[in-house]
file final.pdb (PDB, C-alpha atoms)
ATOM      1  CA  MET N   1      64.663-119.670 -35.879
ATOM      2  CA  SER N   2      67.419-119.106 -33.488
ATOM      3  CA  ALA N   3      66.968-118.906 -29.809
ATOM      4  CA  LEU N   4      67.967-115.305 -29.767
ATOM      5  CA  THR N   5      65.216-114.512 -32.216
ATOM      6  CA  LYS N   6      62.749-116.286 -30.072
ATOM      7  CA  VAL N   7      63.905-114.506 -27.011
ATOM      8  CA  LEU N   8      63.686-111.205 -28.813
ATOM      9  CA  ILE N   9      60.225-112.060 -30.089
ATOM     10  CA  VAL N  10      59.041-112.914 -26.611
ATOM     11  CA  LEU N  11      60.633-109.863 -25.039
ATOM     12  CA  LEU N  12      59.314-107.638 -27.757
ATOM     13  CA  SER N  13      55.836-109.103 -27.362
ATOM     14  CA  PHE N  14      55.754-108.732 -23.608
ATOM     15  CA  SER N  15      57.185-105.284 -23.669
ATOM     16  CA  SER N  16      54.696-104.273 -26.361
ATOM     17  CA  LEU N  17      51.836-105.726 -24.375
ATOM     18  CA  PHE N  18      53.053-103.965 -21.264
ATOM     19  CA  LEU N  19      53.450-100.720 -23.121
ATOM     20  CA  CYS N  20      50.028-101.062 -24.722
ATOM     21  CA  GLY N  21      48.477-101.798 -21.363
ATOM     22  CA  ALA N  22      50.173 -98.817 -19.857
ATOM     23  CA  ILE N  23      49.029 -96.600 -22.724
ATOM     24  CA  VAL N  24      45.456 -97.867 -22.514
ATOM     25  CA  THR N  25      45.424 -97.415 -18.770
ATOM     26  CA  TYR N  26      46.837 -93.903 -19.008
ATOM     27  CA  VAL N  27      44.527 -92.819 -21.813
ATOM     28  CA  GLY N  28      41.499 -94.367 -20.123
ATOM     29  CA  SER N  29      42.184 -92.605 -16.913
ATOM     30  CA  ALA N  30      43.453 -89.318 -18.409
ATOM     31  CA  ASN N  31      41.516 -86.099 -17.685
ATOM     32  CA  ASN N  32      39.528 -84.356 -20.382
ATOM     33  CA  TYR N  33      41.533 -81.149 -20.406
ATOM     34  CA  LYS N  34      39.446 -79.628 -23.168
ATOM     35  CA  ASP N  35      36.316 -79.839 -21.032
ATOM     36  CA  MET N  36      38.229 -78.535 -18.095
ATOM     37  CA  TYR N  37      39.623 -75.716 -20.225
ATOM     38  CA  ASP N  38      36.208 -74.861 -21.594
ATOM     39  CA  GLY N  39      34.713 -74.887 -18.105
ATOM     40  CA  GLN N  40      37.484 -72.760 -16.726
ATOM     41  CA  ARG N  41      37.195 -70.421 -19.682
ATOM     42  CA  SER N  42      33.444 -70.014 -19.326
ATOM     43  CA  GLN N  43      33.846 -69.534 -15.610
ATOM     44  CA  LEU N  44      36.527 -66.948 -16.301
ATOM     45  CA  GLN N  45      34.255 -65.202 -18.763
ATOM     46  CA  THR N  46      31.434 -65.219 -16.238
ATOM     47  CA  LEU N  47      33.754 -63.837 -13.625
ATOM     48  CA  ASN N  48      35.012 -61.205 -16.033
ATOM     49  CA  ASP N  49      31.437 -60.191 -16.819
ATOM     50  CA  LYS N  50      30.631 -60.096 -13.134
ATOM     51  CA  VAL N  51      33.753 -58.044 -12.475
ATOM     52  CA  ALA N  52      32.765 -55.608 -15.225
ATOM     53  CA  THR N  53      29.246 -55.351 -13.852
ATOM     54  CA  LEU N  54      30.523 -54.872 -10.342
ATOM     55  CA  THR N  55      33.068 -52.347 -11.578
ATOM     56  CA  ALA N  56      30.342 -50.366 -13.334
ATOM     57  CA  ALA N  57      28.153 -50.563 -10.264
ATOM     58  CA  ALA N  58      31.057 -49.549  -8.089
ATOM     59  CA  GLN N  59      31.795 -46.655 -10.421
ATOM     60  CA  GLU N  60      28.190 -45.596 -10.310
ATOM     61  CA  GLN N  61      28.104 -45.937  -6.538
ATOM     62  CA  ARG N  62      31.305 -43.974  -6.316
ATOM     63  CA  MET N  63      29.876 -41.204  -8.465
ATOM     64  CA  MET N  64      26.743 -41.169  -6.347
ATOM     65  CA  VAL N  65      28.802 -41.116  -3.187
ATOM     66  CA  GLU N  66      30.928 -38.296  -4.583
ATOM     67  CA  GLN N  67      27.773 -36.416  -5.546
ATOM     68  CA  LYS N  68      26.330 -37.006  -2.076
ATOM     69  CA  ILE N  69      29.580 -35.872  -0.542
ATOM     70  CA  GLN N  70      29.470 -32.697  -2.622
ATOM     71  CA  GLU N  71      25.845 -32.109  -1.650
ATOM     72  CA  TYR N  72      26.605 -32.714   2.014
ATOM     73  CA  GLU N  73      29.650 -30.466   1.826
ATOM     74  CA  LYS N  74      27.518 -27.782   0.243
ATOM     75  CA  ARG N  75      24.835 -28.252   2.895
ATOM     76  CA  ILE N  76      27.475 -28.179   5.595
ATOM     77  CA  GLN N  77      28.823 -24.973   4.101
ATOM     78  CA  ASP N  78      25.335 -23.451   3.876
ATOM     79  CA  MET N  79      24.465 -24.554   7.397
ATOM     80  CA  THR N  80      27.765 -23.193   8.636
ATOM     81  CA  ALA N  81      26.984 -19.853   7.032
ATOM     82  CA  GLU N  82      23.452 -20.002   8.419
ATOM     83  CA  LYS N  83      24.814 -20.894  11.834
ATOM     84  CA  THR N  84      27.154 -17.935  11.661
ATOM     85  CA  GLN N  85      24.284 -15.659  10.625
ATOM     86  CA  LEU N  86      22.088 -17.083  13.373
ATOM     87  CA  SER N  87      24.850 -16.551  15.888
ATOM     88  CA  VAL N  88      25.128 -12.943  14.774
ATOM     89  CA  ASP N  89      21.321 -12.570  14.932
ATOM     90  CA  LEU N  90      21.290 -14.206  18.361
ATOM     91  CA  ASN N  91      23.915 -11.793  19.611
ATOM     92  CA  ASN N  92      21.976  -8.876  18.151
ATOM     93  CA  ALA N  93      18.735 -10.182  19.651
ATOM     94  CA  LEU N  94      20.392 -10.628  23.033
ATOM     95  CA  ARG N  95      21.762  -7.106  22.825
ATOM     96  CA  GLU N  96      18.371  -5.730  21.813
ATOM     97  CA  SER N  97      16.691  -7.774  24.526
ATOM     98  CA  LEU N  98      19.065  -6.324  27.055
ATOM     99  CA  GLY N  99      18.299  -2.827  25.773
ATOM    100  CA  HIS N 100      14.575  -3.520  25.861
ATOM    101  CA  GLN N 101      14.873  -4.923  29.341
ATOM    102  CA  ASN N 102      16.634  -1.758  30.456
ATOM    103  CA  ARG N 103      13.956   0.348  28.774
ATOM    104  CA  ALA N 104      11.240  -1.807  30.357
ATOM    105  CA  ASP N 105      12.847  -1.269  33.748
ATOM    106  CA  LYS N 106      12.928   2.467  33.125
ATOM    107  CA  TRP N 107       9.324   2.445  31.968
ATOM    108  CA  GLN N 108       8.339   0.389  34.969
ATOM    109  CA  GLY N 109       9.884   3.029  37.183
ATOM    110  CA  LEU N 110       8.138   5.739  35.211
ATOM    111  CA  LEU N 111       4.858   3.838  35.458
ATOM    112  CA  ASP N 112       5.269   3.514  39.182
ATOM    113  CA  SER N 113       5.923   7.234  39.507
ATOM    114  CA  TYR N 114       3.038   7.963  37.130
ATOM    115  CA  GLY N 115       0.797   5.699  39.172
ATOM    116  CA  GLN N 116       1.743   7.590  42.298
ATOM    117  CA  THR N 117       1.230  10.887  40.488
ATOM    118  CA  MET N 118      -2.125   9.709  39.124
ATOM    119  CA  ALA N 119      -3.230   8.653  42.608
ATOM    120  CA  ASN N 120      -2.292  12.084  43.923
ATOM    121  CA  GLN N 121      -4.016  13.743  40.992
ATOM    122  CA  GLU N 122      -7.106  11.608  41.553
ATOM    123  CA  LEU N 123      -7.241  12.818  45.126
ATOM    124  CA  THR N 124      -6.725  16.381  43.934
ATOM    125  CA  ILE N 125      -9.367  15.986  41.221
ATOM    126  CA  LYS N 126     -11.762  14.501  43.726
ATOM    127  CA  SER N 127     -11.285  17.442  46.087
ATOM    128  CA  ILE N 128     -11.564  19.879  43.162
ATOM    129  CA  GLN N 129     -14.681  18.053  41.979
ATOM    130  CA  GLU N 130     -16.193  18.425  45.431
ATOM    131  CA  LYS N 131     -15.314  22.108  45.426
ATOM    132  CA  LEU N 132     -16.712  22.436  41.924
ATOM    133  CA  ASP N 133     -19.936  20.724  42.937
ATOM    134  CA  ALA N 134     -20.220  23.063  45.883
ATOM    135  CA  ALA N 135     -19.476  26.023  43.602
ATOM    136  CA  ARG N 136     -22.091  24.840  41.101
ATOM    137  CA  GLY N 137     -24.636  24.483  43.850
ATOM    138  CA  GLN N 138     -23.706  27.959  45.044
ATOM    139  CA  LEU N 139     -23.925  29.200  41.455
ATOM    140  CA  ILE N 140     -27.385  27.729  41.063
ATOM    141  CA  GLU N 141     -28.439  29.283  44.324
ATOM    142  CA  ASN N 142     -26.937  32.604  43.243
ATOM    143  CA  ASP N 143     -28.714  32.312  39.923
ATOM    144  CA  LYS N 144     -31.966  31.730  41.717
ATOM    145  CA  GLN N 145     -31.324  34.723  43.968
ATOM    146  CA  LEU N 146     -30.398  36.785  40.919
ATOM    147  CA  ASN N 147     -33.684  35.863  39.278
ATOM    148  CA  GLN N 148     -35.519  36.876  42.421
ATOM    149  CA  GLN N 149     -33.587  40.146  42.550
ATOM    150  CA  THR N 150     -34.302  40.747  38.887
ATOM    151  CA  ALA N 151     -38.003  40.194  39.508
ATOM    152  CA  ARG N 152     -37.811  42.568  42.441
ATOM    153  CA  VAL N 153     -36.059  45.208  40.322
ATOM    154  CA  TYR N 154     -38.683  44.762  37.621
ATOM    155  CA  GLU N 155     -41.392  45.199  40.216
ATOM    156  CA  LEU N 156     -39.719  48.349  41.571
ATOM    157  CA  THR N 157     -39.299  49.695  38.031
ATOM    158  CA  ILE N 158     -43.006  49.261  37.399
ATOM    159  CA  GLN N 159     -43.747  51.000  40.691
ATOM    160  CA  MET N 160     -41.439  53.851  39.680
ATOM    161  CA  GLU N 161     -43.186  54.152  36.330
ATOM    162  CA  ALA N 162     -46.529  54.256  38.127
ATOM    163  CA  LEU N 163     -45.243  56.940  40.485
ATOM    164  CA  GLU N 164     -43.883  58.910  37.530
ATOM    165  CA  THR N 165     -47.254  58.661  35.843
ATOM    166  CA  ALA N 166     -48.971  59.833  39.006
ATOM    167  CA  ARG N 167     -46.573  62.763  39.271
ATOM    168  CA  ARG N 168     -47.188  63.798  35.671
ATOM    169  CA  ARG N 169     -50.917  63.432  36.233
ATOM    170  CA  ALA N 170     -50.643  65.610  39.319
ATOM    171  CA  VAL N 171     -48.731  68.247  37.329
ATOM    172  CA  GLU N 172     -51.410  68.220  34.655
ATOM    173  CA  GLU N 173     -54.184  68.465  37.235
ATOM    174  CA  LYS N 174     -52.264  71.311  38.801
ATOM    175  CA  LYS N 175     -52.138  73.059  35.434
ATOM    176  CA  VAL N 176     -55.889  72.518  34.968
ATOM    177  CA  LEU N 177     -56.569  73.938  38.387
ATOM    178  CA  GLU N 178     -54.344  76.899  37.620
ATOM    179  CA  ASP N 179     -56.308  77.498  34.434
ATOM    180  CA  LYS N 180     -59.572  77.361  36.369
ATOM    181  CA  LEU N 181     -58.207  79.762  38.939
ATOM    182  CA  ASN N 182     -57.051  82.104  36.207
ATOM    183  CA  LYS N 183     -60.493  81.907  34.629
ATOM    184  CA  ILE N 184     -62.175  82.715  37.953
ATOM    185  CA  ALA N 185     -59.710  85.491  38.566
ATOM    186  CA  ALA N 186     -60.360  86.927  35.129
ATOM    187  CA  ALA N 187     -64.086  86.888  35.782
ATOM    188  CA  ALA N 188     -63.600  88.633  39.082
ATOM    189  CA  GLY N 189     -60.796  90.963  37.978
ATOM    190  CA  ALA N 190     -59.699  91.657  34.500
ATOM    191  CA  GLU N 191     -57.251  88.781  34.194
ATOM    192  CA  PRO N 192     -57.236  86.621  31.064
ATOM    193  CA  VAL N 193     -58.879  83.278  31.295
ATOM    194  CA  ARG N 194     -56.869  80.151  30.301
ATOM    195  CA  VAL N 195     -58.534  77.162  28.743
ATOM    196  CA  SER N 196     -58.309  74.075  30.763
ATOM    197  CA  GLN N 197     -56.694  71.036  29.276
ATOM    198  CA  ALA N 198     -57.781  67.475  29.529
ATOM    199  CA  VAL N 199     -55.649  65.000  31.433
ATOM    200  CA  VAL N 200     -53.758  62.948  28.903
ATOM    201  CA  THR N 201     -51.790  60.547  31.133
ATOM    202  CA  PRO N 202     -53.864  57.567  32.162
ATOM    203  CA  ASP N 203     -54.616  56.982  35.760
ATOM    204  CA  ARG N 204     -52.360  54.391  37.160
ATOM    205  CA  SER N 205     -52.845  55.086  40.765
ATOM    206  CA  ARG N 206     -53.306  51.375  41.430
ATOM    207  CA  VAL N 207     -49.930  49.809  41.520
ATOM    208  CA  SER N 208     -49.975  46.000  41.171
ATOM    209  CA  ALA N 209     -47.188  43.611  42.054
ATOM    210  CA  ALA N 210     -45.031  42.242  39.292
ATOM    211  CA  ALA N 211     -46.035  38.928  37.793
ATOM    212  CA  GLU N 212     -44.217  35.874  38.896
ATOM    213  CA  THR N 213     -41.164  35.171  36.830
ATOM    214  CA  ALA N 214     -40.763  31.877  35.116
ATOM    215  CA  SER N 215     -38.473  30.583  37.787
ATOM    216  CA  ASP N 216     -40.967  31.343  40.491
ATOM    217  CA  VAL N 217     -43.662  29.109  39.015
ATOM    218  CA  GLU N 218     -43.224  25.541  40.206
ATOM    219  CA  LEU N 219     -43.702  23.085  37.377
ATOM    220  CA  ASN N 220     -42.743  19.422  37.430
ATOM    221  CA  ALA N 221     -42.190  17.301  34.351
ATOM    222  CA  LEU N 222     -40.282  14.301  33.031
ATOM    223  CA  ILE N 223     -37.621  14.177  30.335
ATOM    224  CA  SER N 224     -39.315  12.498  27.353
ATOM    225  CA  GLU N 225     -36.625  12.751  24.667
ATOM    226  CA  VAL N 226     -32.903  13.445  24.747
ATOM    227  CA  PHE N 227     -30.734  14.478  21.812
ATOM    228  CA  GLU N 228     -27.126  15.572  21.707
ATOM    229  CA  ASN N 229     -27.622  19.030  23.230
ATOM    230  CA  LEU N 230     -31.419  19.167  23.323
ATOM    231  CA  ALA N 231     -34.083  17.655  25.541
ATOM    232  CA  THR N 232     -37.858  17.501  25.484
ATOM    233  CA  ILE N 233     -40.063  17.647  28.579
ATOM    234  CA  SER N 234     -43.485  16.118  28.983
ATOM    235  CA  ILE N 235     -45.486  19.327  29.622
ATOM    236  CA  GLY N 236     -46.180  22.297  27.361
ATOM    237  CA  ALA N 237     -48.034  25.573  27.063
ATOM    238  CA  SER N 238     -51.248  24.054  28.415
ATOM    239  CA  ASP N 239     -49.434  23.477  31.729
ATOM    240  CA  GLY N 240     -47.953  26.970  31.850
ATOM    241  CA  VAL N 241     -44.586  26.404  30.230
ATOM    242  CA  GLN N 242     -43.181  29.542  28.601
ATOM    243  CA  LYS N 243     -40.198  30.271  26.458
ATOM    244  CA  ASP N 244     -36.897  30.893  28.312
ATOM    245  CA  MET N 245     -38.150  28.956  31.344
ATOM    246  CA  ARG N 246     -35.361  27.073  33.110
ATOM    247  CA  PHE N 247     -35.993  23.518  34.299
ATOM    248  CA  HIS N 248     -33.565  21.815  36.680
ATOM    249  CA  VAL N 249     -33.079  18.156  35.743
ATOM    250  CA  THR N 250     -32.396  15.747  38.619
ATOM    251  CA  ARG N 251     -32.067  11.987  38.967
ATOM    252  CA  GLY N 252     -32.793  10.903  42.497
ATOM    253  CA  ASP N 253     -30.636  13.133  44.677
ATOM    254  CA  GLU N 254     -28.209  13.977  41.872
ATOM    255  CA  TYR N 255     -28.291  17.179  39.898
ATOM    256  CA  VAL N 256     -28.000  16.421  36.158
ATOM    257  CA  CYS N 257     -28.327  19.674  34.175
ATOM    258  CA  ASP N 258     -30.584  22.596  33.296
ATOM    259  CA  VAL N 259     -32.967  22.811  30.345
ATOM    260  CA  VAL N 260     -33.693  26.312  29.021
ATOM    261  CA  ILE N 261     -36.935  26.182  27.020
ATOM    262  CA  THR N 262     -36.603  27.466  23.453
ATOM    263  CA  HIS N 263     -39.702  25.997  21.853
ATOM    264  CA  VAL N 264     -43.115  25.457  23.455
ATOM    265  CA  ASP N 265     -45.813  23.188  22.068
ATOM    266  CA  THR N 266     -49.252  22.475  23.512
ATOM    267  CA  ASP N 267     -48.353  19.347  25.448
ATOM    268  CA  LYS N 268     -44.586  19.370  25.300
ATOM    269  CA  ALA N 269     -41.642  21.728  25.204
ATOM    270  CA  ALA N 270     -38.035  21.543  24.080
ATOM    271  CA  GLY N 271     -34.924  23.360  25.158
ATOM    272  CA  VAL N 272     -31.136  23.391  25.183
ATOM    273  CA  LEU N 273     -28.999  21.795  27.888
ATOM    274  CA  GLU N 274     -26.901  23.953  30.185
ATOM    275  CA  LEU N 275     -24.677  23.342  33.213
ATOM    276  CA  ARG N 276     -24.494  19.709  32.227
ATOM    277  CA  GLN N 277     -23.085  17.487  34.973
ATOM    278  CA  GLN N 278     -24.254  14.249  33.385
ATOM    279  CA  GLN N 279     -26.013  13.259  30.211
ATOM    280  CA  PRO N 280     -29.785  13.411  30.933
ATOM    281  CA  ARG N 281     -31.858  10.284  30.303
ATOM    282  CA  VAL N 282     -35.479   9.711  29.449
ATOM    283  CA  GLY N 283     -37.454   9.603  32.712
ATOM    284  CA  ASP N 284     -35.312  12.100  34.655
ATOM    285  CA  ASN N 285     -37.229  14.654  36.728
ATOM    286  CA  ALA N 286     -37.360  18.253  35.474
ATOM    287  CA  SER N 287     -38.579  21.004  37.778
ATOM    288  CA  THR N 288     -38.438  24.760  37.843
ATOM    289  CA  ARG N 289     -37.382  24.676  41.461
ATOM    290  CA  LEU N 290     -34.595  22.708  43.106
ATOM    291  CA  MET N 291     -36.263  20.861  45.997
TER     292      MET N 291
ATOM    293  CA  MET Z 292      67.738-126.808 -37.623
ATOM    294  CA  ALA Z 293      68.235-126.839 -41.283
ATOM    295  CA  PRO Z 294      67.659-123.752 -43.437
ATOM    296  CA  GLY Z 295      64.301-123.620 -45.193
ATOM    297  CA  LYS Z 296      62.786-126.024 -42.834
ATOM    298  CA  VAL Z 297      59.791-124.802 -40.983
ATOM    299  CA  SER Z 298      59.855-125.575 -37.264
ATOM    300  CA  GLU Z 299      56.777-126.663 -35.411
ATOM    301  CA  THR Z 300      57.329-123.828 -32.963
ATOM    302  CA  SER Z 301      57.285-121.146 -35.642
ATOM    303  CA  GLY Z 302      53.530-120.915 -35.511
ATOM    304  CA  LEU Z 303      53.634-120.191 -31.810
ATOM    305  CA  TYR Z 304      55.860-117.221 -32.255
ATOM    306  CA  THR Z 305      53.874-116.048 -35.184
ATOM    307  CA  ALA Z 306      50.804-116.119 -32.975
ATOM    308  CA  ILE Z 307      52.645-114.229 -30.315
ATOM    309  CA  LEU Z 308      53.661-111.578 -32.812
ATOM    310  CA  ALA Z 309      50.135-111.445 -34.166
ATOM    311  CA  LEU Z 310      48.761-111.049 -30.700
ATOM    312  CA  THR Z 311      51.226-108.303 -30.066
ATOM    313  CA  LEU Z 312      50.266-106.633 -33.314
ATOM    314  CA  LEU Z 313      46.576-106.832 -32.333
ATOM    315  CA  ALA Z 314      47.340-105.297 -28.973
ATOM    316  CA  ILE Z 315      49.199-102.481 -30.691
ATOM    317  CA  VAL Z 316      46.353-101.931 -33.116
ATOM    318  CA  PHE Z 317      43.785-101.997 -30.301
ATOM    319  CA  THR Z 318      45.856 -99.533 -28.353
ATOM    320  CA  ALA Z 319      46.148 -97.204 -31.346
ATOM    321  CA  GLY Z 320      42.427 -97.445 -32.016
ATOM    322  CA  PHE Z 321      41.576 -96.894 -28.393
ATOM    323  CA  VAL Z 322      43.843 -93.840 -28.232
ATOM    324  CA  ALA Z 323      42.340 -92.499 -31.465
ATOM    325  CA  TYR Z 324      38.784 -93.022 -30.145
ATOM    326  CA  GLN Z 325      39.590 -91.287 -26.890
ATOM    327  CA  CYS Z 326      41.194 -88.376 -28.709
ATOM    328  CA  HIS Z 327      38.218 -88.006 -30.984
ATOM    329  CA  SER Z 328      35.681 -88.320 -28.253
ATOM    330  CA  ASP Z 329      37.454 -85.872 -25.938
ATOM    331  CA  TYR Z 330      38.917 -83.286 -28.302
ATOM    332  CA  LYS Z 331      36.872 -83.905 -31.505
ATOM    333  CA  THR Z 332      40.065 -84.302 -33.467
ATOM    334  CA  MET Z 333      42.884 -86.768 -33.834
ATOM    335  CA  PHE Z 334      45.595 -84.595 -35.343
ATOM    336  CA  THR Z 335      45.246 -81.016 -34.194
ATOM    337  CA  ILE Z 336      46.996 -80.545 -30.932
ATOM    338  CA  ALA Z 337      45.374 -77.266 -29.854
ATOM    339  CA  SER Z 338      43.179 -74.674 -31.371
ATOM    340  CA  LYS Z 339      42.554 -71.197 -30.277
TER     341      LYS Z 339
END
call {"tool": "encode", "arguments": {"input": "final.pdb", "output": "structure tokens"}}
result
Amino acid sequence: MSALTKVLIVLLSFSSLFLCGAIVTYVGSANNYKDMYDGQRSQLQTLNDKVATLTAAAQEQRMMVEQKIQEYEKRIQDMTAEKTQLSVDLNNALRESLGHQNRADKWQGLLDSYGQTMANQELTIKSIQEKLDAARGQLIENDKQLNQQTARVYELTIQMEALETARRRAVEEKKVLEDKLNKIAAAAGAEPVRVSQAVVTPDRSRVSAAAETASDVELNALISEVFENLATISIGASDGVQKDMRFHVTRGDEYVCDVVITHVDTDKAAGVLELRQQQPRVGDNASTRLM
Amino acid sequence: MAPGKVSETSGLYTAILALTLLAIVFTAGFVAYQCHSDYKTMFTIASK
């Protein structure tokens, strides 16, 4: 074996050993790219899935946001229209309020003038009421005087009738006396004798005064029942109450009305209300004479 | 050295060559084991 062969063998051996060592070292320390690839791939897949999920969620959120935006735009549009309408209504209301305020001012002025007028009219009514009360009192007094005059006229009429009766009786007596005289003259002379006639007219030589009228009799009673236009008093025929009697109803010092009797019972009487100043009440005084 | 005569040093070089061959075989086996353990194959370079 030549030296060159030996040298080559040695060199080849060392170089092979070196190369083998290098290869072993490299392979032993080399990365496992398959595992790395699989890891990266799975991570990529996970990320892709996450991206898809997020994209879907984002799409959904975007649709929701767009829907919300549309709803809000619609609400904004509606509220804008409503605001416009409310502005118009506000302007109208302000205008109407102004008109009403003007009318209220006018009415206030009218009310003030009416108040003044009413105060004046109250004074006038009060004075007229006083005059009317005085006139009613005068009317009642005149009515009373009229009743007295009527009674007097009735009395004078009866006296005249009595006088007329007396006159007719005197004429008849005169005729009887003439007949007697004729008879005597006929007996003495030759004159015809006339038959005397009996006196037909009754003797009313006694003239009596007229009976007291209803208003002249003083009767006092109390109002026992009051209806719309009727009243009942607490005395009747047994106390001397007659139909068409007039009772003056008073309450304290105030004149209330008159009651003209239309129906008389034994212990009570009823009549219609006249000259009513106030509505009579149960317990008011009723009298045929005013104080 | 005469032809056909075996030198006493020939065995040494034979041992060196044998050792080298063993190292090469070990290296090949080690590489094959690593490939199989990492990529589950020894011949396919890549698979989809």
call {"tool": "resolve_selection", "arguments": {"input": "final.pdb", "expression": "the PyMOL selection byres ((chain N) within 9 of (chain Z))", "output": "PyMOL selection string"}}
result
chain N and resi 1-2+6+9-10+12-14+16-17+19-21+23-24+27-28+32-35
call {"tool": "axis_aligned_box", "arguments": {"input": "final.pdb", "around": "range 314-325 of chain Z", "padding_each_side": "3 Å", "output": "AutoDock Vina command-line options"}}
result
--center_x 44.0 --center_y -98.3 --center_z -30.0 --size_x 16.4 --size_y 20.0 --size_z 12.2
call {"tool": "atom_distance", "arguments": {"input": "final.pdb", "atom1": "CA of Cys257 in chain N", "atom2": "CA of Val153 in chain N"}}
result
27.4 Å
call {"tool": "residues_around", "arguments": {"input": "final.pdb", "residues": "Ser287 in chain N", "least_positions_apart": "4", "cutoff": "12 Å", "atoms": "all atoms listed in the file", "output": "number ranges by chain"}}
result
N: 214-223, 233-235, 241, 245-251, 255-260, 291
call {"tool": "write_last_selection", "arguments": {"input": "final.pdb", "atoms": "C-alpha atoms", "output": "mmCIF file, in the frame of the given file"}}
result
data_model
loop_
_atom_site.group_PDB
_atom_site.id
_atom_site.type_symbol
_atom_site.label_atom_id
_atom_site.label_comp_id
_atom_site.auth_asym_id
_atom_site.auth_seq_id
_atom_site.Cartn_x
_atom_site.Cartn_y
_atom_site.Cartn_z
ATOM 1 C CA ALA N 214 -40.763 31.877 35.116
ATOM 2 C CA SER N 215 -38.473 30.583 37.787
ATOM 3 C CA ASP N 216 -40.967 31.343 40.491
ATOM 4 C CA VAL N 217 -43.662 29.109 39.015
ATOM 5 C CA GLU N 218 -43.224 25.541 40.206
ATOM 6 C CA LEU N 219 -43.702 23.085 37.377
ATOM 7 C CA ASN N 220 -42.743 19.422 37.430
ATOM 8 C CA ALA N 221 -42.190 17.301 34.351
ATOM 9 C CA LEU N 222 -40.282 14.301 33.031
ATOM 10 C CA ILE N 223 -37.621 14.177 30.335
ATOM 11 C CA ILE N 233 -40.063 17.647 28.579
ATOM 12 C CA SER N 234 -43.485 16.118 28.983
ATOM 13 C CA ILE N 235 -45.486 19.327 29.622
ATOM 14 C CA VAL N 241 -44.586 26.404 30.230
ATOM 15 C CA MET N 245 -38.150 28.956 31.344
ATOM 16 C CA ARG N 246 -35.361 27.073 33.110
ATOM 17 C CA PHE N 247 -35.993 23.518 34.299
ATOM 18 C CA HIS N 248 -33.565 21.815 36.680
ATOM 19 C CA VAL N 249 -33.079 18.156 35.743
ATOM 20 C CA THR N 250 -32.396 15.747 38.619
ATOM 21 C CA ARG N 251 -32.067 11.987 38.967
ATOM 22 C CA TYR N 255 -28.291 17.179 39.898
ATOM 23 C CA VAL N 256 -28.000 16.421 36.158
ATOM 24 C CA CYS N 257 -28.327 19.674 34.175
ATOM 25 C CA ASP N 258 -30.584 22.596 33.296
ATOM 26 C CA VAL N 259 -32.967 22.811 30.345
ATOM 27 C CA VAL N 260 -33.693 26.312 29.021
ATOM 28 C CA MET N 291 -36.263 20.861 45.997
#
call {"tool": "atom_distance", "arguments": {"input": "final.pdb", "atom1": "CA of Ala81 in chain N", "atom2": "CA of Ile69 in chain N"}}
result
17.9 Å
call {"tool": "resolve_selection", "arguments": {"input": "final.pdb", "expression": "the PyMOL selection byres ((chain N and resi 263) around 12)", "output": "ChimeraX atom specification"}}
result
/N:230-233,235-237,241-245,259-262,264-272
call {"tool": "atom_distance", "arguments": {"input": "final.pdb", "atom1": "CA of Leu132 in chain N", "atom2": "CA of Asp253 in chain N"}}
result
17.0 Å
